[in-house]
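See structure below.
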Amino acid sequence: MADALPGVGVSHGVAAGPAVRMGRPVRLPAPRPVTDARAETARAHQALAATARDLAARAARAERATHAADRTASAIVHAQSLMAGDPELRDTVAAHVTAGADAAHAIDAAFADYRRQLVELGGYLADRAGDLDDVRNRAVAAALDVPMPGVPTPGHPFVLIADDLSPADTAGLDTSTVLALVTEQGGPTSHTAILARALGLPAVVACSGCMSLADGTLVSVDGRTGTVRLGITADEAEQARRQAAATAARGHVDGVGRTADGHRVPLLANVGSASDMAVADAAGAEGVGLFRTEFLFLDRRDPPTREEQVRAYAEVFRAAPTGRLTVRTLDAGADKPLPFLGLPDEPNPALGIRGIRVGRLHPDLLDTQLAAVAEAAAVTGADVQVMAPMVTTATEARDFADRARRHGLDRAGVMVEVPAAALTAARLLTAVDFLSIGTNDLGQYTMAADRQAGRLADLLDPWQPALLDLIAGCAAAAAQAGKPAGVCGEAAADPLLAAVLVGLGVTSLSMSARSLAAVRDELARHTLEDCRAFAAQARAADSAAEARAAALQAAEAPDMPTVRITGGRATPVRPAGRPAR
């Protein structure tokens with residue numbers, strides 16, 4: 001029996017092939033004496049310029065890509081190219097050379113200065129420290145005249161093994177040769193996880209020891225169980241390839257979300273642009289559960305005008321799949337700084353002015369956006385509803401709903417992203433028409449764990465029983481009020497967890513378009529009573545790992561009895577009769 005490395009599965013599917021490791025960042029050699037500071041400064045500046053050019057080229061390639069994930073990476077890599085070319089950085093590097101450092105050590109020291117500043121700021125800016133580290137690694141390599149870090153190109157299909165993956169590493173990733181992703185670092189909401197789901201690649205993160213594998217080791221990657229099996233046979237590899245091909249074929253099957261006994265669960269898409277809408281439509285999305293509007297506000301000194309917003313929203317609405325479209329108002333703040341907001345630096349931006357709090361401080365900004373959404377909906381005839389991010393109190397919910405309705409938007413809801421909102425869901429529902437549970441932020445605030453902290457992947461796992469309890473409470477409150485409560489976080493993209501969410505009472509699921517087929521297929525295998533049984537077992541567990549294992553064991557059992565949930569207890573009532581896997 002092959003050995004296995006455990007990790008956290010973040011993108012479902014099975015793939016097998018030879019492992020190929022991505023090289024670790026170059027290590028600095030011992031400092032060398034500098035005899036000509038001017039020449040050494042020029043060498044350092046040339047390394048920064050070469051890095052900026054390389055990153056700009058990667059960003060351009062990703063911008064031309066068809067995958068939405070690549071285009072998202074493009075924006076990040078473009079920002080990295082600007083970091084490398086920053087005049088202030090050049091001056092800091094020059095100062096370190098003047099102080100006696102050689103080019104490579106001067107670059108390293110300058111980036112260390114900037115990194116400390118970002119980490120001290122906390123929140124979103126601290127999250128960008130990893131992007132800064134990637135630029136540093138590339139610039140140091142250029143100064144030492146060695147190859148820059150990057151995805152290997154062995155000339156054959158392979159499983160990519162890495163310590164972690166940056167946006168620059170994955171911009172324009174060739175999915176015809178990369179079969180799966182496995183990283184030592186990362187968590188359920190890391191860049192690797194989001195990219196893998198968007199590209200439809202099986203992925204396992206937080207896989208300790210994977211970088212010790214020898215290149216060429218035949219491995220299989222199971223993104224459902226979070227397992228990497230080592231030394232598999234050729235027959236096992238071929239079986240995994242056939243399974244992957246069958247999964248890919250199912251991705252093109254039309255259909256609606258429903259359980260095996262016919263309980264309807266609309267499956268929706270998370271999108272951020274008109275091109276994303278086309279992908280969602282092709283994947284069979286029944287609507288849009290989350291339309292992110294931040295793309296209109298980023299990288300500009302002034303907010304977009306109402307006219308600009310109407311044009312942009314109308315383009316997106318026209319491209320949207322049939323069904324209701326849910327627009328999230330601007331989700332920005334001190335954690336995602338926009339120059340025109342004029343917000344002060346905060347010691348902990350993730351707990352500061354963000355989401356609806358920005359709209360309450362800048363009501364004109366929110367009013368302009370709501371008016372533009374309403375006008376675009378009227379022009380296109382789209383079935384649009386709006387929701388506010390980061391709502392905490394019933395007062396905030398009522399203020400937002402009243403404001404939306406004044407602009408002619410009859411259906412207004414809120415995102416449940418903080419425990420306070422989850423615990424008072426019944427009060428929120430007296431003011432709004434629906435809830436949308438954002439499991440990414442709700443998870444990090446519930447567990448007091450930064451979403452970007454790879455070492456806290458177990459706490460950030462959406463299978464955490466505490467998180468499931470909060471979701472169940474929201475769903476129960478919504479059912480009592482006769483209003484819908486959906487999930488639009490990455491948890492919805494996990495097929496088995498999607499079944500658990502349905503068992504908790506969630507009424508719709510919104511995810512990346514490429515996850516729709518797998519979730520649709522999983523729900524069709526289980527009755528609603530099965531889903532409720534999975535949910536009860538997961539909530540009774542002591543950890544995320546135990547919750548996942550309990551649900552998986554139940555789902556795999558061929559003759560598992562269907563159960564009735566009464567008072568939180570699971571009572572067998574009849575054989576489930578689920579379709580065979």
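Scheme for the structure tokens: letters A, B, ... for chains in order shown; per-chain residue numbers from 1; ligand numbers from 1 in order shown.
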Point to revise | Shell of 12 Å around Val386 of chain A, only C-alpha atoms, local chain residues under 4 positions omitted, as a ChimeraX atom specification | key: /A:288-293,324-330,366,369-374,377,397,400-405,407-415,432-436
Take the residues that were just selected and, keeping C-alpha atoms, output them as a compact mmCIF listing (two decimals), in the first residue's frame.
```
# COMPACT_ATOMS: atom_id res chain seq x y z
CA VAL A 288 -25.27 34.96 -9.75
CA GLY A 289 -24.98 34.75 -5.98
CA LEU A 290 -22.15 37.26 -5.70
CA PHE A 291 -21.18 39.98 -8.15
CA ARG A 292 -18.12 41.77 -6.80
CA THR A 293 -18.04 45.44 -7.81
CA ARG A 324 -31.43 36.44 -10.24
CA LEU A 325 -28.24 38.46 -9.93
CA THR A 326 -26.99 39.54 -6.49
CA VAL A 327 -24.80 42.64 -6.42
CA ARG A 328 -22.52 43.23 -3.45
CA THR A 329 -21.88 46.90 -2.83
CA LEU A 330 -18.31 48.14 -2.49
CA LEU A 366 -23.07 54.31 -1.53
CA GLN A 369 -23.54 53.01 -6.52
CA LEU A 370 -27.08 52.01 -5.61
CA ALA A 371 -28.52 54.48 -8.13
CA ALA A 372 -26.22 53.12 -10.84
CA VAL A 373 -27.17 49.51 -10.07
CA ALA A 374 -30.87 50.40 -10.21
CA ALA A 377 -31.08 46.92 -13.97
CA ALA A 397 -29.12 46.36 8.01
CA PHE A 400 -28.96 49.85 4.06
CA ALA A 401 -32.30 48.30 3.10
CA ASP A 402 -34.10 51.65 3.38
CA ARG A 403 -31.45 53.34 1.26
CA ALA A 404 -31.59 50.62 -1.42
CA ARG A 405 -35.38 50.79 -1.63
CA HIS A 407 -33.29 53.98 -5.15
CA GLY A 408 -35.85 51.52 -6.50
CA LEU A 409 -34.06 48.31 -5.52
CA ASP A 410 -36.86 46.33 -3.91
CA ARG A 411 -34.83 43.35 -2.71
CA ALA A 412 -32.05 44.15 -0.26
CA GLY A 413 -30.02 41.78 1.86
CA VAL A 414 -26.87 41.60 3.94
CA MET A 415 -23.80 39.43 4.10
CA VAL A 432 -33.88 42.74 4.97
CA ASP A 433 -35.15 40.23 2.42
CA PHE A 434 -32.34 37.67 2.49
CA LEU A 435 -29.04 36.64 4.05
CA SER A 436 -25.86 35.67 2.22
```
Exercise for review: May I have the residues within 10 Å of segment 219-236 of chain A as number ranges by chain, using only C-alpha atoms and disregarding those fewer than 3 positions away in the same chain?
Suggested key: A: 1-19, 158-159, 179-182, 196, 201-207, 210, 213, 216, 239-242, 494-496, 545, 548-549, 552
File dump, residues just selected, N, CA and C atoms, as a tab-separated table (two decimals), in the first residue's frame:
```tsv
chain	number	residue	atom	x	y	z
A	1	MET	N	0.85	-1.19	0.00
A	1	MET	CA	0.00	0.00	0.00
A	1	MET	C	0.89	1.24	0.00
A	2	ALA	N	0.54	2.20	-0.85
A	2	ALA	CA	1.34	3.41	-0.96
A	2	ALA	C	1.26	4.24	0.31
A	3	ASP	N	2.36	4.90	0.66
A	3	ASP	CA	2.36	5.84	1.78
A	3	ASP	C	1.58	7.08	1.36
A	4	ALA	N	1.21	7.88	2.36
A	4	ALA	CA	0.43	9.08	2.05
A	4	ALA	C	0.87	10.24	2.93
A	5	LEU	N	0.74	11.45	2.39
A	5	LEU	CA	0.98	12.68	3.13
A	5	LEU	C	-0.37	13.38	3.32
A	6	PRO	N	-0.74	13.69	4.56
A	6	PRO	CA	-2.01	14.38	4.78
A	6	PRO	C	-1.86	15.88	4.57
A	7	GLY	N	-2.93	16.50	4.15
A	7	GLY	CA	-2.97	17.95	4.00
A	7	GLY	C	-4.41	18.41	4.08
A	8	VAL	N	-4.67	19.58	3.53
A	8	VAL	CA	-6.02	20.13	3.49
A	8	VAL	C	-6.46	20.20	2.04
A	9	GLY	N	-7.49	19.45	1.69
A	9	GLY	CA	-8.01	19.50	0.33
A	9	GLY	C	-8.78	20.78	0.11
A	10	VAL	N	-8.42	21.53	-0.93
A	10	VAL	CA	-9.06	22.82	-1.17
A	10	VAL	C	-9.70	22.92	-2.54
A	11	SER	N	-9.44	21.95	-3.41
A	11	SER	CA	-10.07	21.92	-4.73
A	11	SER	C	-10.25	20.46	-5.11
A	12	HIS	N	-11.50	20.06	-5.28
A	12	HIS	CA	-11.81	18.63	-5.45
A	12	HIS	C	-11.36	18.10	-6.80
A	13	GLY	N	-11.26	16.78	-6.84
A	13	GLY	CA	-10.81	16.09	-8.02
A	13	GLY	C	-9.63	15.19	-7.67
A	14	VAL	N	-9.33	14.27	-8.57
A	14	VAL	CA	-8.21	13.36	-8.39
A	14	VAL	C	-7.31	13.45	-9.61
A	15	ALA	N	-6.01	13.50	-9.38
A	15	ALA	CA	-5.04	13.52	-10.48
A	15	ALA	C	-3.83	12.71	-10.06
A	16	ALA	N	-3.12	12.16	-11.04
A	16	ALA	CA	-1.93	11.38	-10.76
A	16	ALA	C	-0.88	11.66	-11.81
A	17	GLY	N	0.37	11.64	-11.36
A	17	GLY	CA	1.48	11.87	-12.28
A	17	GLY	C	2.77	12.04	-11.51
A	18	PRO	N	3.86	12.27	-12.21
A	18	PRO	CA	5.14	12.46	-11.53
A	18	PRO	C	5.20	13.81	-10.82
A	19	ALA	N	5.73	13.79	-9.61
A	19	ALA	CA	5.90	15.04	-8.86
A	19	ALA	C	7.09	15.81	-9.39
A	158	PHE	N	2.64	16.91	-15.15
A	158	PHE	CA	3.22	16.67	-13.82
A	158	PHE	C	2.34	17.26	-12.74
A	159	VAL	N	2.60	16.81	-11.51
A	159	VAL	CA	1.97	17.37	-10.31
A	159	VAL	C	2.95	18.38	-9.73
A	179	LEU	N	-1.11	19.00	-13.62
A	179	LEU	CA	-2.24	18.12	-13.31
A	179	LEU	C	-2.91	18.45	-11.98
A	180	ALA	N	-2.11	18.91	-11.01
A	180	ALA	CA	-2.62	19.19	-9.68
A	180	ALA	C	-1.60	20.05	-8.96
A	181	LEU	N	-2.03	20.67	-7.86
A	181	LEU	CA	-1.17	21.53	-7.05
A	181	LEU	C	-1.08	20.99	-5.63
A	182	VAL	N	0.14	20.96	-5.09
A	182	VAL	CA	0.36	20.54	-3.70
A	182	VAL	C	1.36	21.52	-3.09
A	196	ALA	N	-6.77	27.20	-7.83
A	196	ALA	CA	-7.04	25.81	-8.18
A	196	ALA	C	-8.52	25.59	-8.45
A	201	LEU	N	-8.39	22.52	-10.99
A	201	LEU	CA	-7.28	21.62	-10.70
A	201	LEU	C	-7.42	21.05	-9.29
A	202	PRO	N	-7.23	19.74	-9.10
A	202	PRO	CA	-7.19	19.20	-7.74
A	202	PRO	C	-6.04	19.87	-6.97
A	203	ALA	N	-6.27	20.15	-5.69
A	203	ALA	CA	-5.22	20.82	-4.91
A	203	ALA	C	-5.29	20.42	-3.45
A	204	VAL	N	-4.09	20.28	-2.87
A	204	VAL	CA	-3.94	20.02	-1.44
A	204	VAL	C	-2.93	21.01	-0.90
A	205	VAL	N	-3.28	21.73	0.16
A	205	VAL	CA	-2.37	22.69	0.77
A	205	VAL	C	-2.05	22.25	2.19
A	206	ALA	N	-1.13	22.99	2.83
A	206	ALA	CA	-0.71	22.65	4.20
A	206	ALA	C	-0.30	21.18	4.28
A	207	CYS	N	0.41	20.72	3.25
A	207	CYS	CA	0.85	19.32	3.15
A	207	CYS	C	2.30	19.23	3.62
A	210	CYS	N	5.84	17.68	1.79
A	210	CYS	CA	5.75	17.43	0.34
A	210	CYS	C	6.99	17.89	-0.40
A	213	LEU	N	9.80	15.34	-1.28
A	213	LEU	CA	9.63	14.32	-2.32
A	213	LEU	C	10.68	14.48	-3.41
A	216	GLY	N	9.94	13.22	-9.86
A	216	GLY	CA	9.66	11.98	-10.59
A	216	GLY	C	8.88	10.96	-9.80
A	239	GLN	N	-6.01	4.78	-13.43
A	239	GLN	CA	-7.36	4.84	-12.86
A	239	GLN	C	-7.69	6.28	-12.46
A	240	ALA	N	-6.73	6.98	-11.86
A	240	ALA	CA	-6.94	8.37	-11.47
A	240	ALA	C	-7.17	9.25	-12.70
A	241	ARG	N	-6.43	8.97	-13.77
A	241	ARG	CA	-6.61	9.76	-15.00
A	241	ARG	C	-8.00	9.55	-15.58
A	242	ARG	N	-8.48	8.31	-15.56
A	242	ARG	CA	-9.83	8.04	-16.08
A	242	ARG	C	-10.89	8.74	-15.23
A	494	ASP	N	-16.88	23.17	-2.03
A	494	ASP	CA	-16.50	21.84	-1.57
A	494	ASP	C	-17.74	20.95	-1.69
A	495	PRO	N	-17.76	19.99	-2.62
A	495	PRO	CA	-19.00	19.24	-2.88
A	495	PRO	C	-19.62	18.60	-1.65
A	496	LEU	N	-18.82	17.91	-0.85
A	496	LEU	CA	-19.41	17.25	0.32
A	496	LEU	C	-19.86	18.28	1.35
A	545	ALA	N	-11.19	18.46	11.03
A	545	ALA	CA	-10.77	17.18	10.45
A	545	ALA	C	-11.75	16.07	10.80
A	548	ARG	N	-15.09	16.57	8.82
A	548	ARG	CA	-14.96	16.13	7.43
A	548	ARG	C	-14.95	14.61	7.35
A	549	ALA	N	-14.16	13.98	8.23
A	549	ALA	CA	-14.05	12.52	8.21
A	549	ALA	C	-15.39	11.86	8.49
A	552	LEU	N	-17.61	12.30	5.44
A	552	LEU	CA	-17.10	11.49	4.32
A	552	LEU	C	-17.40	10.01	4.53
```
Review point. Can you list, as an NGL selection string, every protein, DNA or RNA residue that comes within 10 Å of Arg427 of chain A when you count only C-alpha atoms, leaving out same-chain residues fewer than 4 positions away?
Key: :A and (393-395 or 397-398 or 421-423 or 431-432 or 477 or 481)
Review point. Given the choices A:Pro303, A:Arg311, A:Arg138, A:Ala50, which gets closest to Leu341 of chain A if the distance is worked out from only C-alpha atoms?
Key: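 Among the listed residues, A:Pro303 lies closest to Leu341 of chain A.
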Exercise for review: In Å, rounded to a single decimal, give me how far atom CA of Met447 of chain A is from atom CA of Ala535 of chain A.
Suggested key: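 Atom-to-atom, atom CA of Ala535 of chain A to atom CA of Met447 of chain A, that is 19.5 Å.
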Revision key, fill the gap. Using only C-alpha atoms, the residue out of A:Val384, A:Ala37, A:Leu132, A:Leu82 with shortest distance to Ala59 of chain A is A:Leu82
Review point. Where does DSSP see helix (DSSP H, G or I) in segment 365-535 of chain A, if you list the residues as a VMD selection string?
Key: chain A and resid 365 to 380 394 to 406 419 to 423 425 to 428 439 to 447 454 to 460 465 to 481 490 to 493 495 to 504 513 to 523 528 to 535
